[in-house]
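Student: I'm passing along work_0.cif; it holds mmCIF, C-alpha atoms and all ligand atoms.
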data_data
loop_
_atom_site.group_PDB
_atom_site.id
_atom_site.type_symbol
_atom_site.label_atom_id
_atom_site.label_comp_id
_atom_site.auth_asym_id
_atom_site.auth_seq_id
_atom_site.Cartn_x
_atom_site.Cartn_y
_atom_site.Cartn_z
ATOM 1 C CA MET A 1 71.369 -23.032 -22.627
ATOM 2 C CA GLY A 2 69.212 -25.173 -20.434
ATOM 3 C CA GLN A 3 69.766 -26.632 -17.036
ATOM 4 C CA PRO A 4 68.855 -30.135 -15.867
ATOM 5 C CA VAL A 5 65.295 -30.139 -14.562
ATOM 6 C CA VAL A 6 64.904 -31.278 -10.971
ATOM 7 C CA THR A 7 62.783 -34.356 -10.331
ATOM 8 C CA VAL A 8 61.456 -36.056 -7.226
ATOM 9 C CA ALA A 9 64.479 -38.345 -7.472
ATOM 10 C CA ALA A 10 66.620 -35.386 -6.391
ATOM 11 C CA ASN A 11 65.423 -35.970 -2.833
ATOM 12 C CA LEU A 12 65.503 -32.264 -1.998
ATOM 13 C CA ARG A 13 65.940 -31.341 1.633
ATOM 14 C CA CYS A 14 65.688 -28.237 3.739
ATOM 15 C CA PRO A 15 68.984 -26.727 4.969
ATOM 16 C CA HIS A 16 68.687 -28.881 8.099
ATOM 17 C CA GLY A 17 68.090 -32.182 6.375
ATOM 18 C CA GLY A 18 64.317 -32.377 6.453
ATOM 19 C CA PRO A 19 63.073 -34.058 3.263
ATOM 20 C CA ALA A 20 60.807 -32.166 0.880
ATOM 21 C CA ILE A 21 57.559 -33.880 0.033
ATOM 22 C CA LEU A 22 55.948 -33.856 -3.371
ATOM 23 C CA ALA A 23 52.336 -32.926 -2.679
ATOM 24 C CA SER A 24 50.840 -33.790 -6.038
ATOM 25 C CA PRO A 25 52.729 -35.667 -8.751
ATOM 26 C CA PRO A 26 53.123 -33.518 -11.875
ATOM 27 C CA ARG A 27 52.349 -34.911 -15.306
ATOM 28 C CA VAL A 28 55.761 -34.436 -16.835
ATOM 29 C CA LEU A 29 58.445 -37.071 -16.323
ATOM 30 C CA ALA A 30 62.205 -36.746 -16.745
ATOM 31 C CA GLY A 31 64.409 -39.790 -16.392
ATOM 32 C CA GLY A 32 61.300 -41.684 -15.283
ATOM 33 C CA SER A 33 60.548 -39.390 -12.344
ATOM 34 C CA PRO A 34 58.033 -36.547 -12.064
ATOM 35 C CA VAL A 35 59.596 -33.129 -12.512
ATOM 36 C CA LEU A 36 59.214 -30.515 -9.810
ATOM 37 C CA THR A 37 57.587 -27.182 -10.501
ATOM 38 C CA ILE A 38 58.159 -23.997 -8.502
ATOM 39 C CA VAL A 39 54.458 -23.758 -7.589
ATOM 40 C CA PRO A 40 53.159 -24.880 -5.181
ATOM 41 C CA PRO A 41 56.064 -24.579 -2.714
ATOM 42 C CA LEU A 42 57.451 -27.934 -1.647
ATOM 43 C CA PRO A 43 56.286 -29.022 1.799
ATOM 44 C CA VAL A 44 59.031 -30.128 4.177
ATOM 45 C CA GLY A 45 58.512 -33.093 6.429
ATOM 46 C CA GLY A 46 60.464 -33.654 9.591
ATOM 47 C CA CYS A 47 62.805 -30.683 9.746
ATOM 48 C CA PRO A 48 65.028 -31.548 12.727
ATOM 49 C CA LEU A 49 64.732 -28.030 14.139
ATOM 50 C CA GLY A 50 61.255 -28.802 15.359
ATOM 51 C CA GLY A 51 60.816 -28.328 19.090
ATOM 52 C CA GLN A 52 64.461 -27.646 19.803
ATOM 53 C CA THR A 53 65.825 -24.631 21.573
ATOM 54 C CA ALA A 54 68.590 -23.105 19.526
ATOM 55 C CA GLY A 55 69.935 -20.882 22.253
ATOM 56 C CA GLY A 56 69.055 -18.710 25.175
ATOM 57 C CA GLY A 57 70.475 -15.955 27.254
ATOM 58 C CA GLU A 58 69.791 -13.513 29.977
ATOM 59 C CA THR A 59 69.177 -9.838 29.295
ATOM 60 C CA GLY A 60 68.795 -7.934 32.543
ATOM 61 C CA LYS A 61 66.087 -9.726 34.418
ATOM 62 C CA ARG A 62 64.444 -11.053 31.321
ATOM 63 C CA TYR A 63 65.277 -14.384 29.879
ATOM 64 C CA VAL A 64 65.451 -14.415 26.113
ATOM 65 C CA PHE A 65 65.041 -17.675 24.317
ATOM 66 C CA LYS A 66 65.404 -18.253 20.655
ATOM 67 C CA VAL A 67 63.261 -21.170 19.647
ATOM 68 C CA ALA A 68 64.096 -22.672 16.320
ATOM 69 C CA VAL A 69 61.102 -23.026 14.062
ATOM 70 C CA PRO A 70 61.074 -26.051 11.789
ATOM 71 C CA CYS A 71 60.963 -25.506 8.048
ATOM 72 C CA GLN A 72 57.525 -25.906 6.538
ATOM 73 C CA ARG A 73 58.074 -25.180 2.889
ATOM 74 C CA LEU A 74 60.781 -24.655 0.301
ATOM 75 C CA VAL A 75 59.998 -21.677 -1.909
ATOM 76 C CA PHE A 76 61.783 -21.235 -5.216
ATOM 77 C CA PRO A 77 60.867 -17.867 -6.771
ATOM 78 C CA ALA A 78 62.151 -18.620 -10.269
ATOM 79 C CA GLY A 79 62.313 -21.579 -12.605
ATOM 80 C CA THR A 80 62.338 -22.243 -16.329
ATOM 81 C CA ARG A 81 61.218 -19.411 -18.568
ATOM 82 C CA ARG A 82 60.252 -21.236 -21.739
ATOM 83 C CA VAL A 83 59.309 -24.723 -20.609
ATOM 84 C CA LEU A 84 56.216 -24.936 -18.432
ATOM 85 C CA SER A 85 54.185 -27.735 -16.871
ATOM 86 C CA GLY A 86 50.556 -26.805 -16.425
ATOM 87 C CA GLY A 87 51.587 -23.197 -16.957
ATOM 88 C CA VAL A 88 54.133 -23.314 -14.143
ATOM 89 C CA PRO A 89 57.928 -23.027 -14.491
ATOM 90 C CA LEU A 90 59.994 -26.122 -13.718
ATOM 91 C CA LEU A 91 62.591 -26.271 -11.004
ATOM 92 C CA VAL A 92 66.103 -26.571 -12.419
ATOM 93 C CA LEU A 93 69.545 -27.407 -11.091
ATOM 94 C CA GLY A 94 71.148 -24.486 -9.299
ATOM 95 C CA ALA A 95 67.881 -22.699 -8.508
ATOM 96 C CA THR A 96 68.057 -20.753 -5.271
ATOM 97 C CA GLY A 97 65.188 -20.451 -2.875
ATOM 98 C CA ILE A 98 64.426 -20.118 0.800
ATOM 99 C CA ALA A 99 63.093 -22.364 3.502
ATOM 100 C CA VAL A 100 59.944 -20.921 5.108
ATOM 101 C CA PRO A 101 59.577 -19.653 7.792
ATOM 102 C CA SER A 102 63.260 -19.630 8.739
ATOM 103 C CA SER A 103 64.260 -17.784 5.536
ATOM 104 C CA THR A 104 67.341 -19.970 5.307
ATOM 105 C CA PRO A 105 68.732 -20.076 1.758
ATOM 106 C CA VAL A 106 68.426 -23.372 -0.052
ATOM 107 C CA VAL A 107 69.851 -24.450 -3.401
ATOM 108 C CA ALA A 108 68.556 -27.142 -5.704
ATOM 109 C CA ALA A 109 72.018 -28.675 -5.855
ATOM 110 C CA VAL A 110 71.048 -32.138 -7.068
ATOM 111 C CA PRO A 111 68.773 -32.553 -10.107
ATOM 112 C CA GLY A 112 67.951 -36.244 -9.806
ATOM 113 C CA GLN A 113 68.566 -36.694 -13.525
ATOM 114 C CA LEU A 114 70.864 -35.210 -16.146
ATOM 115 C CA ARG A 115 69.264 -36.060 -19.486
ATOM 116 C CA VAL A 116 66.464 -33.526 -19.674
ATOM 117 C CA LEU A 117 67.450 -29.893 -19.887
ATOM 118 C CA ALA A 118 65.104 -26.922 -19.948
ATOM 119 C CA ASP A 119 65.368 -23.170 -20.182
HETATM 120 ZN ZN ZN B 1 64.840 -27.132 8.147
#
Using structure tokens, write down the structure that the file contains.

Tutor:
Amino acid sequence: MGQPVVTVAANLRCPHGGPAILASPPRVLAGGSPVLTIVPPLPVGGCPLGGQTAGGGETGKRYVFKVAVPCQRLVFPAGTRRVLSGGVPLLVLGATGIAVPSSTPVVAAVPGQLRVLAD
């Protein structure tokens, strides 16, 4: 059973709301929009964590600051097994990945289209 393939219309975001950017449009369209493949990782633009200080505290005489690092990429380790685009698996609805470098889990929760399924 296949899952809906994720397209650029899904408007994927990092866990903090930063939009993912499609670096190079793939050749395959679904519902009129290019499908997303799991390679290369999706660049993230404008993660709101950038430059903010998430928290700080004092340990003895040393001040410890945790500086939040903005997400740079969304990495999805697995995609479709049978359907490939340029030899690369497609991203499908429900795929789980991580935001790099924060290692925050991210889910492809919105496919952007529902007509094209792939396994
Ligand atoms: Zn982020």

Student: Using the chain letters and numbers from this file, what does the PyMOL selection byres (((chain A and resi 108) around 6) and not hetatm) select? Give the answer as a VMD selection string.

Tutor: chain A and resid 93 to 95 107 109 to 110

Student: Expand the PyMOL selection byres (((chain A and resi 41) around 7) and not hetatm) into the explicit residue set it covers here, and present it as a list of chain:residue names.

Tutor: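 This file, filtered by the PyMOL selection byres (((chain A and resi 41) around 7) and not hetatm), leaves A:Ile38, A:Val39, A:Pro40, A:Leu42, A:Pro43, A:Arg73, A:Leu74, A:Val75.
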
Student: Can you list, as a list in words, every protein, DNA or RNA residue that comes within 9 Å of A:Met1 when you count all atoms listed in the file, leaving out same-chain residues fewer than 2 positions away?

Tutor: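 Within the cut-off, the hits are Gln3, Leu117, Ala118 and Asp119 of chain A.
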
Student: Any idea what's packed within 12 Å of A:Thr104, counting all atoms listed in the file, ignoring anything in its chain fewer than 2 positions away? Could you give it as a list of chain:residue names?

Tutor: A:Cys14, A:Pro15, A:His16, A:Ala68, A:Val69, A:Pro70, A:Cys71, A:Gln72, A:Arg73, A:Leu74, A:Val75, A:Phe76, A:Thr96, A:Gly97, A:Ile98, A:Ala99, A:Val100, A:Pro101, A:Ser102, A:Val106, A:Val107

Student: Under the rule that all atoms listed in the file are counted, which of A:Leu91, A:Leu114, A:Leu29, A:Leu49 is the nearest residue to ligand ZN 1 (chain B)?

Tutor: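 Closest residue, counting all atoms listed in the file: A:Leu49.
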
Student: Using the atoms already present, construct N, CA and C atoms for stretch 65-91 of chain A and hand them back as a tab-separated table (two decimals), in the frame of the given file.

Tutor:
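Written output follows (out-v9.tsv):
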chain	number	residue	atom	x	y	z
A	65	PHE	N	64.83	-16.38	24.96
A	65	PHE	CA	65.04	-17.68	24.32
A	65	PHE	C	64.77	-17.56	22.82
A	66	LYS	N	65.64	-18.15	22.09
A	66	LYS	CA	65.40	-18.25	20.66
A	66	LYS	C	64.98	-19.69	20.37
A	67	VAL	N	63.76	-19.83	19.95
A	67	VAL	CA	63.26	-21.17	19.65
A	67	VAL	C	63.30	-21.37	18.14
A	68	ALA	N	64.00	-22.38	17.74
A	68	ALA	CA	64.10	-22.67	16.32
A	68	ALA	C	62.75	-23.18	15.79
A	69	VAL	N	62.37	-22.62	14.68
A	69	VAL	CA	61.10	-23.03	14.06
A	69	VAL	C	61.41	-23.97	12.90
A	70	PRO	N	60.78	-25.10	12.88
A	70	PRO	CA	61.07	-26.05	11.79
A	70	PRO	C	60.62	-25.52	10.44
A	71	CYS	N	61.34	-25.90	9.41
A	71	CYS	CA	60.96	-25.51	8.05
A	71	CYS	C	59.63	-26.16	7.68
A	72	GLN	N	58.82	-25.38	6.99
A	72	GLN	CA	57.52	-25.91	6.54
A	72	GLN	C	57.46	-26.05	5.04
A	73	ARG	N	58.14	-25.15	4.35
A	73	ARG	CA	58.07	-25.18	2.89
A	73	ARG	C	59.40	-24.71	2.30
A	74	LEU	N	59.68	-25.19	1.09
A	74	LEU	CA	60.78	-24.66	0.30
A	74	LEU	C	60.17	-23.85	-0.83
A	75	VAL	N	60.56	-22.58	-0.90
A	75	VAL	CA	60.00	-21.68	-1.91
A	75	VAL	C	61.09	-21.31	-2.90
A	76	PHE	N	60.86	-21.62	-4.15
A	76	PHE	CA	61.78	-21.24	-5.22
A	76	PHE	C	61.08	-20.19	-6.09
A	77	PRO	N	61.57	-18.94	-6.07
A	77	PRO	CA	60.87	-17.87	-6.77
A	77	PRO	C	60.97	-17.95	-8.29
A	78	ALA	N	61.98	-18.61	-8.81
A	78	ALA	CA	62.15	-18.62	-10.27
A	78	ALA	C	62.50	-20.01	-10.76
A	79	GLY	N	62.02	-20.30	-11.97
A	79	GLY	CA	62.31	-21.58	-12.60
A	79	GLY	C	62.55	-21.37	-14.09
A	80	THR	N	62.16	-22.35	-14.89
A	80	THR	CA	62.34	-22.24	-16.33
A	80	THR	C	61.47	-21.12	-16.89
A	81	ARG	N	61.97	-20.51	-17.96
A	81	ARG	CA	61.22	-19.41	-18.57
A	81	ARG	C	60.39	-19.88	-19.77
A	82	ARG	N	60.93	-20.83	-20.49
A	82	ARG	CA	60.25	-21.24	-21.74
A	82	ARG	C	59.46	-22.52	-21.58
A	83	VAL	N	59.97	-23.43	-20.76
A	83	VAL	CA	59.31	-24.72	-20.61
A	83	VAL	C	58.45	-24.69	-19.35
A	84	LEU	N	57.15	-24.98	-19.55
A	84	LEU	CA	56.22	-24.94	-18.43
A	84	LEU	C	55.50	-26.27	-18.31
A	85	SER	N	55.04	-26.57	-17.11
A	85	SER	CA	54.18	-27.74	-16.87
A	85	SER	C	52.91	-27.23	-16.22
A	86	GLY	N	51.80	-27.34	-16.94
A	86	GLY	CA	50.56	-26.80	-16.42
A	86	GLY	C	50.63	-25.30	-16.24
A	87	GLY	N	51.45	-24.64	-17.04
A	87	GLY	CA	51.59	-23.20	-16.96
A	87	GLY	C	52.56	-22.73	-15.90
A	88	VAL	N	53.24	-23.67	-15.25
A	88	VAL	CA	54.13	-23.31	-14.14
A	88	VAL	C	55.58	-23.65	-14.52
A	89	PRO	N	56.52	-22.75	-14.21
A	89	PRO	CA	57.93	-23.03	-14.49
A	89	PRO	C	58.44	-24.26	-13.74
A	90	LEU	N	59.38	-24.95	-14.35
A	90	LEU	CA	59.99	-26.12	-13.72
A	90	LEU	C	61.17	-25.69	-12.86
A	91	LEU	N	61.42	-26.49	-11.85
A	91	LEU	CA	62.59	-26.27	-11.00
A	91	LEU	C	63.81	-26.86	-11.70
